[in-house]
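**Student:** Pasting model-v2.txt below, which is compact mmCIF, C-alpha atoms.
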```txt
# COMPACT_ATOMS: atom_id res chain seq x y z
CA MET A 31 4.07 10.75 6.20
CA ALA A 32 0.52 12.06 6.63
CA GLY A 33 0.10 11.99 2.85
CA LEU A 34 1.47 8.44 2.73
CA ARG A 35 -1.00 7.33 5.41
CA ARG A 36 -3.90 8.90 3.50
CA ARG A 37 -2.88 7.20 0.24
CA THR A 38 -2.36 3.79 1.82
CA HIS A 39 -5.62 4.04 3.77
CA ALA A 40 -7.44 4.68 0.51
CA ALA A 41 -5.71 1.72 -1.15
CA ARG A 42 -6.65 -0.59 1.74
CA ALA A 43 -10.25 0.57 1.61
CA ALA A 44 -10.36 -0.08 -2.14
CA SER A 45 -8.89 -3.54 -1.60
CA ARG A 46 -11.63 -4.39 0.91
CA ARG A 47 -14.39 -3.21 -1.40
CA ALA A 48 -13.58 -5.41 -4.39
CA PRO A 49 -12.01 -8.77 -5.23
CA TRP A 50 -8.48 -8.63 -6.64
CA ARG A 51 -9.56 -9.31 -10.22
CA THR A 52 -11.55 -6.08 -10.25
CA ILE A 53 -8.60 -3.71 -10.52
CA THR A 54 -9.31 -0.59 -8.51
CA ALA A 55 -8.57 2.87 -9.81
CA ALA A 56 -5.70 3.10 -7.35
CA ALA A 57 -4.18 -0.15 -8.61
CA ALA A 58 -4.49 0.84 -12.24
CA LEU A 59 -2.87 4.18 -11.51
CA LEU A 60 0.05 2.55 -9.73
CA ALA A 61 0.54 0.06 -12.56
CA THR A 62 0.93 2.82 -15.15
CA LEU A 63 2.59 5.40 -12.96
CA THR A 64 5.93 6.70 -14.14
CA THR A 65 7.73 7.34 -10.87
CA ALA A 66 10.37 9.98 -10.43
CA ARG A 67 13.45 7.81 -10.92
CA ALA A 68 15.34 7.28 -7.69
CA GLU A 69 18.91 6.21 -8.35
CA PRO A 70 20.15 3.54 -5.92
CA VAL A 71 23.47 3.92 -4.14
CA SER A 72 25.90 1.09 -3.45
CA VAL A 73 26.36 0.23 0.22
CA THR A 74 28.44 -2.22 2.24
CA LEU A 75 27.31 -3.48 5.63
CA PRO A 76 28.55 -6.04 8.15
CA GLY A 77 27.26 -9.46 7.15
CA PRO A 78 27.16 -12.78 8.98
CA GLY A 79 30.46 -14.49 9.66
CA GLY A 80 32.47 -11.38 8.86
CA ILE A 81 31.24 -11.13 5.27
CA ALA A 82 31.12 -7.66 3.72
CA LEU A 83 27.51 -7.70 2.53
CA GLN A 84 27.10 -5.59 -0.60
CA GLY A 85 23.80 -4.05 -1.58
CA LYS A 86 21.82 -1.29 -3.23
CA LEU A 87 19.89 1.35 -1.30
CA TYR A 88 16.91 3.40 -2.49
CA ARG A 89 16.18 6.43 -0.32
CA PRO A 90 13.16 8.76 -0.43
CA THR A 91 13.66 12.49 -0.58
CA GLY A 92 13.60 14.34 2.72
CA ALA A 93 15.16 13.96 6.13
CA GLY A 94 13.11 11.06 7.47
CA PRO A 95 12.98 9.02 9.56
CA PHE A 96 11.35 6.65 7.07
CA PRO A 97 9.82 3.19 7.28
CA ALA A 98 12.26 0.78 5.67
CA VAL A 99 12.20 -2.48 3.72
CA VAL A 100 14.81 -5.23 3.40
CA ALA A 101 14.15 -6.59 -0.10
CA LEU A 102 15.48 -10.07 -0.96
CA HIS A 103 16.24 -11.18 -4.51
CA GLY A 104 15.35 -14.57 -5.95
CA CYS A 105 17.61 -17.41 -7.13
CA GLY A 106 18.55 -15.42 -10.23
CA GLY A 107 20.35 -12.85 -8.10
CA LEU A 108 20.09 -9.10 -7.86
CA TYR A 109 21.54 -8.15 -11.26
CA ASP A 110 20.94 -8.93 -14.92
CA ARG A 111 23.60 -10.07 -17.39
CA SER A 112 24.71 -6.49 -18.04
CA GLY A 113 25.41 -5.94 -14.35
CA ALA A 114 22.40 -3.65 -13.80
CA LEU A 115 19.66 -4.26 -11.27
CA THR A 116 16.99 -6.46 -12.82
CA GLY A 117 13.88 -4.67 -14.00
CA ARG A 118 11.77 -6.06 -11.16
CA HIS A 119 14.15 -4.92 -8.43
CA ALA A 120 14.65 -1.47 -9.94
CA ASP A 121 10.91 -1.03 -10.47
CA TRP A 122 10.00 -1.97 -6.91
CA GLY A 123 12.86 0.07 -5.44
CA GLU A 124 11.81 3.19 -7.32
CA ARG A 125 8.12 2.77 -6.54
CA LEU A 126 8.55 2.09 -2.84
CA ALA A 127 11.01 4.99 -2.44
CA ALA A 128 8.55 7.29 -4.21
CA GLN A 129 5.95 6.27 -1.61
CA GLY A 130 8.20 7.05 1.34
CA PHE A 131 10.03 3.78 2.05
CA LEU A 132 13.79 3.41 2.33
CA VAL A 133 14.62 0.14 0.53
CA LEU A 134 17.75 -1.99 0.94
CA PHE A 135 18.55 -4.84 -1.47
CA PRO A 136 21.32 -7.02 0.08
CA ASP A 137 23.19 -9.14 -2.47
CA SER A 138 23.44 -12.61 -0.92
CA PHE A 139 25.09 -14.25 -3.94
CA GLY A 140 27.41 -11.60 -5.37
CA SER A 141 28.77 -10.75 -1.92
CA ARG A 142 30.06 -14.34 -1.76
CA GLY A 143 31.37 -14.46 -5.33
CA LEU A 144 28.42 -16.50 -6.60
CA GLY A 145 26.25 -16.07 -9.68
CA PRO A 146 22.63 -17.15 -10.29
CA GLN A 147 21.59 -20.28 -8.42
CA CYS A 148 18.36 -21.31 -10.17
CA ARG A 149 20.00 -24.31 -11.83
CA VAL A 150 22.03 -25.35 -8.78
CA SER A 151 20.57 -28.14 -6.65
CA GLN A 152 23.30 -28.24 -3.98
CA ARG A 153 23.33 -24.60 -2.94
CA GLU A 154 25.91 -23.06 -0.65
CA ILE A 155 23.61 -20.19 0.28
CA ARG A 156 20.30 -21.48 1.60
CA PRO A 157 17.07 -19.57 2.23
CA GLY A 158 16.65 -21.01 5.72
CA ARG A 159 20.17 -20.28 6.95
CA GLU A 160 22.65 -17.99 5.24
CA ARG A 161 20.03 -15.80 3.63
CA VAL A 162 18.09 -15.42 6.88
CA ALA A 163 21.33 -14.26 8.50
CA ASP A 164 21.77 -11.74 5.67
CA ALA A 165 18.23 -10.44 6.18
CA GLU A 166 18.76 -10.05 9.91
CA ALA A 167 22.09 -8.25 9.38
CA ALA A 168 20.40 -5.90 6.91
CA GLY A 169 17.59 -5.21 9.37
CA THR A 170 20.05 -4.46 12.17
CA TRP A 171 22.00 -2.10 9.89
CA LEU A 172 18.85 -0.23 8.88
CA ARG A 173 17.67 0.17 12.48
CA GLY A 174 20.96 1.88 13.30
CA ARG A 175 20.46 4.59 10.68
CA PRO A 176 19.13 7.96 11.89
CA ASP A 177 16.89 8.25 8.81
CA VAL A 178 15.08 4.96 9.54
CA ARG A 179 12.25 4.30 11.97
CA PRO A 180 13.60 1.32 13.95
CA ASP A 181 10.09 0.09 14.72
CA ALA A 182 9.08 0.08 11.05
CA VAL A 183 11.60 -2.15 9.27
CA SER A 184 9.81 -4.76 7.16
CA LEU A 185 10.85 -7.68 4.99
CA LEU A 186 10.04 -8.34 1.32
CA GLY A 187 11.24 -11.20 -0.88
CA TRP A 188 10.69 -12.90 -4.22
CA SER A 189 10.84 -16.68 -4.86
CA ASN A 190 14.06 -17.87 -3.14
CA GLY A 191 13.96 -14.55 -1.27
CA GLY A 192 10.30 -15.23 -0.45
CA SER A 193 11.30 -18.58 1.05
CA THR A 194 13.85 -16.65 3.11
CA VAL A 195 11.03 -14.41 4.33
CA LEU A 196 9.11 -17.45 5.58
CA ALA A 197 12.18 -18.69 7.44
CA ALA A 198 12.99 -15.26 8.88
CA VAL A 199 9.55 -14.61 10.37
CA ARG A 200 8.88 -18.04 11.81
CA ALA A 201 8.29 -18.29 15.53
CA GLY A 202 11.52 -18.39 17.52
CA ARG A 203 13.57 -15.97 15.41
CA SER A 204 15.34 -13.33 17.48
CA THR A 205 15.27 -10.34 15.09
CA PRO A 206 11.72 -9.06 14.62
CA PHE A 207 10.44 -7.36 11.49
CA ALA A 208 7.38 -5.12 11.58
CA ARG A 209 5.68 -6.81 8.62
CA ALA A 210 6.63 -9.18 5.83
CA VAL A 211 5.62 -9.89 2.22
CA ALA A 212 6.60 -13.05 0.31
CA PHE A 213 6.11 -13.20 -3.46
CA TYR A 214 5.70 -16.79 -4.73
CA PRO A 215 7.85 -18.46 -2.04
CA GLY A 216 8.57 -22.17 -1.83
CA CYS A 217 6.09 -23.15 0.90
CA ARG A 218 6.32 -26.94 0.74
CA THR A 219 9.31 -27.37 3.07
CA ALA A 220 7.93 -24.91 5.63
CA LEU A 221 4.55 -26.69 5.53
CA GLU A 222 6.13 -30.12 6.04
CA ARG A 223 8.28 -28.90 8.94
CA GLY A 224 5.43 -27.47 10.97
CA TRP A 225 6.17 -23.80 10.35
CA ARG A 226 4.57 -21.27 12.71
CA ASP A 227 4.45 -17.52 12.18
CA ARG A 228 5.31 -14.63 14.53
CA THR A 229 5.05 -11.62 12.18
CA PRO A 230 2.19 -10.15 10.13
CA LEU A 231 2.76 -11.81 6.75
CA LEU A 232 1.27 -11.42 3.27
CA ILE A 233 1.86 -14.15 0.66
CA LEU A 234 1.25 -13.37 -3.03
CA VAL A 235 1.37 -16.25 -5.52
CA GLY A 236 0.07 -17.11 -8.97
CA GLY A 237 -2.53 -19.84 -9.22
CA ALA A 238 -0.72 -21.30 -12.27
CA ASP A 239 2.77 -21.11 -10.75
CA ASP A 240 4.58 -24.31 -11.78
CA TRP A 241 7.93 -23.31 -10.27
CA THR A 242 7.21 -22.96 -6.53
CA GLY A 243 3.47 -23.73 -6.56
CA ALA A 244 0.42 -22.10 -5.03
CA GLU A 245 -1.21 -25.01 -3.19
CA PRO A 246 1.45 -25.49 -0.47
CA CYS A 247 1.25 -21.76 0.25
CA ARG A 248 -2.53 -21.88 0.42
CA ALA A 249 -2.36 -24.78 2.87
CA LEU A 250 0.35 -23.05 4.91
CA ALA A 251 -1.73 -19.88 5.21
CA GLU A 252 -4.92 -21.75 6.08
CA GLU A 253 -3.21 -23.71 8.85
CA ALA A 254 -1.60 -20.54 10.23
CA ARG A 255 -4.89 -18.64 10.23
CA GLY A 256 -6.55 -21.59 11.95
CA ARG A 257 -4.05 -21.13 14.80
CA GLY A 258 -4.80 -17.39 14.93
CA GLU A 259 -1.49 -16.38 13.33
CA PRO A 260 -1.35 -13.13 11.27
CA VAL A 261 -0.99 -14.62 7.78
CA GLU A 262 -2.82 -13.41 4.66
CA ILE A 263 -2.62 -14.86 1.17
CA THR A 264 -3.71 -13.72 -2.27
CA VAL A 265 -3.70 -16.29 -5.08
CA TYR A 266 -4.01 -14.79 -8.57
CA PRO A 267 -5.84 -17.22 -10.90
CA GLY A 268 -3.93 -17.89 -14.10
CA ALA A 269 -0.79 -16.01 -13.05
CA VAL A 270 2.61 -17.71 -13.21
CA HIS A 271 5.93 -17.13 -11.44
CA ASP A 272 7.35 -13.56 -11.69
CA PHE A 273 3.89 -12.15 -12.42
CA ASP A 274 4.96 -8.74 -11.08
CA ALA A 275 8.06 -8.38 -13.29
CA PRO A 276 7.63 -5.40 -15.65
CA ASP A 277 7.94 -5.94 -19.41
CA SER A 278 8.51 -9.68 -18.99
CA ALA A 279 6.51 -11.80 -21.43
CA VAL A 280 5.47 -15.25 -20.28
CA ARG A 281 8.06 -17.83 -21.32
CA GLU A 282 9.13 -21.36 -20.54
CA ARG A 283 12.30 -21.96 -18.57
CA ARG A 284 14.18 -25.26 -18.51
CA GLY A 285 16.94 -26.81 -16.46
CA LEU A 286 15.75 -25.40 -13.13
CA ALA A 287 16.80 -27.18 -9.96
CA TYR A 288 13.42 -27.22 -8.23
CA THR A 289 9.99 -27.13 -9.90
CA VAL A 290 6.51 -28.33 -9.01
CA ASN A 291 6.59 -31.25 -11.46
CA ARG A 292 10.26 -32.01 -10.73
CA ASP A 293 11.05 -31.86 -14.44
CA GLY A 294 13.06 -28.63 -14.34
CA ILE A 295 10.45 -26.79 -16.42
CA ALA A 296 8.49 -23.75 -15.27
CA HIS A 297 6.84 -20.68 -16.76
CA THR A 298 7.57 -17.09 -15.79
CA GLY A 299 6.27 -13.70 -16.83
CA ILE A 300 3.97 -10.80 -16.20
CA ASP A 301 0.28 -10.98 -15.44
CA PRO A 302 -0.86 -7.34 -15.80
CA ALA A 303 -3.89 -7.67 -13.53
CA ALA A 304 -1.97 -9.46 -10.77
CA ARG A 305 0.90 -6.98 -11.07
CA ALA A 306 -1.46 -4.01 -10.80
CA ASP A 307 -3.07 -5.44 -7.69
CA ALA A 308 0.31 -6.19 -6.07
CA LEU A 309 1.60 -2.67 -6.78
CA ALA A 310 -1.30 -1.28 -4.76
CA ARG A 311 -1.58 -4.03 -2.16
CA VAL A 312 2.06 -4.29 -1.02
CA PRO A 313 2.76 -0.63 -0.10
CA ALA A 314 -0.61 -0.44 1.66
CA TYR A 315 0.19 -3.57 3.66
CA LEU A 316 3.68 -2.42 4.60
CA ALA A 317 2.36 0.96 5.76
CA GLN A 318 -0.17 -0.51 8.22
```
Written as structure tokens, how would this file's structure read?
**Tutor:**
Amino acid sequence: MAGLRRRTHAARAASRRAPWRTITAAAALLATLTTARAEPVSVTLPGPGGIALQGKLYRPTGAGPFPAVVALHGCGGLYDRSGALTGRHADWGERLAAQGFLVLFPDSFGSRGLGPQCRVSQREIRPGRERVADAEAAGTWLRGRPDVRPDAVSLLGWSNGGSTVLAAVRAGRSTPFARAVAFYPGCRTALERGWRDRTPLLILVGGADDWTGAEPCRALAEEARGRGEPVEITVYPGAVHDFDAPDSAVRERRGLAYTVNRDGIAHTGIDPAARADALARVPAYLAQ
């Protein structure tokens, strides 16, 4: 872990020295790095209400104990149409495991016999309820493992999973996480309901995101910081939803249940500069 601390300290120092658009050497290296492929294993853990919560686990080499991450998929689910982990989830799992984190991806939808939910307006599994319970169950399961540091279990989520992160770390929740990262969450509902934070939180969102939107997240973070709460935000100008997804060209998606303009249309796809910054920023933040 000493090597991990040295690497993450260097990444944090680089982040402080330059704005995000100036990609540091560390960020560029992480963006092009071919990690030693870590194959995930299938796991089953006790879920809320007696559900058998299925998931995938990435584990670093060595005995541990390791810092750990509960990683929450978006409304599209954990898997692609072929039944494999989506490229984004596999990429992050491999990279974080290579940097010393044990990573658990709980499958909130598949464990309940559900498919993708991006086009569903009346959802059975909600970010603020069922998915929070899944995240808490996953955190409890990880803390009981001998190869996990119980004081270093963090939370990471994308889109619908990012909204779950906001709900899970709000003041009043009973299961604490060490740190949390939310990629392009839906911040509007939390902002309107007077959300308050209890956990160090980093929000990453594209400035051109027309699916969940950047401005509610910016306002949420500014209000939280004004109250002295530990919330940071990085808004990437020009980036759209899913900016960190590898090999995903920007495209238009239609028929979505919730979008900024309420027309069901949004754009998704990689922004190489934003992705490179996130690949350096997130592990450094989680390792603090």
**Student:** Considering all atoms listed in the file, state which residue in the set A:Gly92, A:Gly145, A:Gly216, A:Pro97 is at the smallest distance from Ser189 of chain A.
**Tutor:** A:Gly216
**Student:** Expressed in Å to a single decimal, how great is the separation between atom CA of Thr264 of chain A and atom CA of Asp121 of chain A?
**Tutor:**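 Atom-to-atom, atom CA of Thr264 of chain A to atom CA of Asp121 of chain A, that is 21.0 Å.
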**Student:** Can you list, as a PDB file with C-alpha atoms, keeping the file's coordinate frame, every protein, DNA or RNA residue that comes within 8 Å of Gly202 of chain A when you count only C-alpha atoms, leaving out same-chain residues fewer than 2 positions away?
**Tutor:**
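Full text of selection21.pdb as output:
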```pdb
ATOM      1  CA  ARG A 200       8.880 -18.040  11.810  1.00  0.00           C
ATOM      2  CA  SER A 204      15.340 -13.330  17.480  1.00  0.00           C
ATOM      3  CA  ARG A 228       5.310 -14.630  14.530  1.00  0.00           C
TER       4      ARG A 228
END
```
**Student:** Given only C-alpha atoms as the basis, pick out the residue of A:Gly258, A:Pro78, A:Gly169, A:Gly113 nearest to Val100 of chain A.
**Tutor:**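 The shortest atom-to-atom distance to Val100 of chain A comes from A:Gly169.
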**Student:** Using all atoms listed in the file, which protein or nucleic acid residues come within 9 Å of Pro90 of chain A? Drop anything in the same chain fewer than 2 positions from it, and give the result as a PyMOL selection string.
**Tutor:** chain A and resi 68+88+92-94+96+124+126-133
**Student:** Counting all atoms listed in the file, note down every residue that has an atom within 9 Å of the point (2.6, -25.4, 11.1) (file coordinates), as a ChimeraX atom specification.
**Tutor:** /A:220-227,250,253-254,257
**Student:** Output C-alpha atoms for every residue in the selection just made, as a PDB file, in the coordinates of the input.
**Tutor:**
```pdb
ATOM      1  CA  ALA A 220       7.930 -24.910   5.630  1.00  0.00           C
ATOM      2  CA  LEU A 221       4.550 -26.690   5.530  1.00  0.00           C
ATOM      3  CA  GLU A 222       6.130 -30.120   6.040  1.00  0.00           C
ATOM      4  CA  ARG A 223       8.280 -28.900   8.940  1.00  0.00           C
ATOM      5  CA  GLY A 224       5.430 -27.470  10.970  1.00  0.00           C
ATOM      6  CA  TRP A 225       6.170 -23.800  10.350  1.00  0.00           C
ATOM      7  CA  ARG A 226       4.570 -21.270  12.710  1.00  0.00           C
ATOM      8  CA  ASP A 227       4.450 -17.520  12.180  1.00  0.00           C
ATOM      9  CA  LEU A 250       0.350 -23.050   4.910  1.00  0.00           C
ATOM     10  CA  GLU A 253      -3.210 -23.710   8.850  1.00  0.00           C
ATOM     11  CA  ALA A 254      -1.600 -20.540  10.230  1.00  0.00           C
ATOM     12  CA  ARG A 257      -4.050 -21.130  14.800  1.00  0.00           C
TER      13      ARG A 257
END
```
**Student:** Using only C-alpha atoms, find each residue of segment 54-144 of chain A with at least one atom at most 12 Å away from an atom of segment 266-276 of chain A; report its shortest atom-to-atom pair and that distance in Å (one decimal), sort the rows by chain and rising residue number, and return the result as a tab-separated table.
**Tutor:**
```
residue	atom	partner	partner_atom	distance
A:Ala61	CA	A:Pro276	CA	9.5
A:Thr62	CA	A:Pro276	CA	10.6
A:His103	CA	A:Asp272	CA	11.7
A:Gly104	CA	A:Asp272	CA	9.9
A:Cys105	CA	A:Asp272	CA	11.9
A:Gly106	CA	A:Asp272	CA	11.4
A:Thr116	CA	A:Ala275	CA	9.1
A:Gly117	CA	A:Pro276	CA	6.5
A:Arg118	CA	A:Ala275	CA	4.9
A:His119	CA	A:Ala275	CA	8.5
A:Ala120	CA	A:Pro276	CA	9.9
A:Asp121	CA	A:Pro276	CA	7.5
A:Trp122	CA	A:Ala275	CA	9.2
```
**Student:** May I ask for the distance between atom CA of Leu185 of chain A and atom CA of Ser151 of chain A, given in Å to one decimal place?
**Tutor:** 25.5 Å
**Student:** So that I can check the surroundings of Asp240 of chain A, please list as a ChimeraX atom specification every protein, DNA and RNA residue that reaches within 6 Å of it, counting only C-alpha atoms and ignoring chain neighbours fewer than 3 positions away.
**Tutor:** /A:243,290,296
**Student:** Out of A:Pro260, A:Gly143, A:Gly174, A:Pro157, which residue has the shortest atom-to-atom distance to Pro215 of chain A when counting all atoms listed in the file?
**Tutor:**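 Ranked by minimum distance to Pro215 of chain A, first place goes to A:Pro157.
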**Student:** Can you work out the spacing between atom CA of Leu196 of chain A and atom CA of Ser72 of chain A in Å, to one decimal?
**Tutor:**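 Atom-to-atom, atom CA of Leu196 of chain A to atom CA of Ser72 of chain A, that is 26.6 Å.
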**Student:** Nearest residue to Gly140 of chain A out of A:Arg125, A:Gly107, A:Gly158, A:Gln152, using only C-alpha atoms?
**Tutor:** A:Gly107
**Student:** Using all atoms listed in the file, can you tell me which of A:Val312, A:Leu75, A:Ala98, A:Ile81 comes closest to Pro136 of chain A?
**Tutor:**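 Between A:Val312, A:Leu75, A:Ala98, A:Ile81, the residue approaching Pro136 of chain A most closely is A:Leu75.
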**Student:** My list of candidates is A:Thr242, A:Gln318, A:Ser193, A:Thr219. Which is closest to Thr289 of chain A when distances are computed with only C-alpha atoms?
**Tutor:** A:Thr242
**Student:** With 8 Å as the threshold, what does the neighbourhood of (4.1, -2.9, 5.3) contain in terms of residues, counting all atoms listed in the file? Coordinates are those of the file; answer as a list in words.
**Tutor:** Ser184, Ala208, Arg209, Ala210, Val211, Val312, Pro313, Ala314, Tyr315, Leu316, Ala317 and Gln318 of chain A
**Student:** For the residues in the current selection, export C-alpha atoms as a compact mmCIF listing (two decimals), in the coordinates of the input.
**Tutor:**
```txt
# COMPACT_ATOMS: atom_id res chain seq x y z
CA SER A 184 9.81 -4.76 7.16
CA ALA A 208 7.38 -5.12 11.58
CA ARG A 209 5.68 -6.81 8.62
CA ALA A 210 6.63 -9.18 5.83
CA VAL A 211 5.62 -9.89 2.22
CA VAL A 312 2.06 -4.29 -1.02
CA PRO A 313 2.76 -0.63 -0.10
CA ALA A 314 -0.61 -0.44 1.66
CA TYR A 315 0.19 -3.57 3.66
CA LEU A 316 3.68 -2.42 4.60
CA ALA A 317 2.36 0.96 5.76
CA GLN A 318 -0.17 -0.51 8.22
```
**Student:** Please identify all polymer residues within 6 Å of Ala101 of chain A, counting all atoms listed in the file, omitting same-chain residues fewer than 2 positions from it, and present them as JSON, numbers by chain.
**Tutor:** {"A": [99, 134, 135, 186, 187]}
**Student:** Using all atoms of segment 218-225 of chain A listed in the file and a margin of 4 Å per side, can you give the axis-aligned box centre and edge lengths in Å to one decimal, as JSON?
**Tutor:**
```
{"center_x": 6.9, "center_y": -27.0, "center_z": 5.9, "size_x": 12.8, "size_y": 14.3, "size_z": 18.2}
```
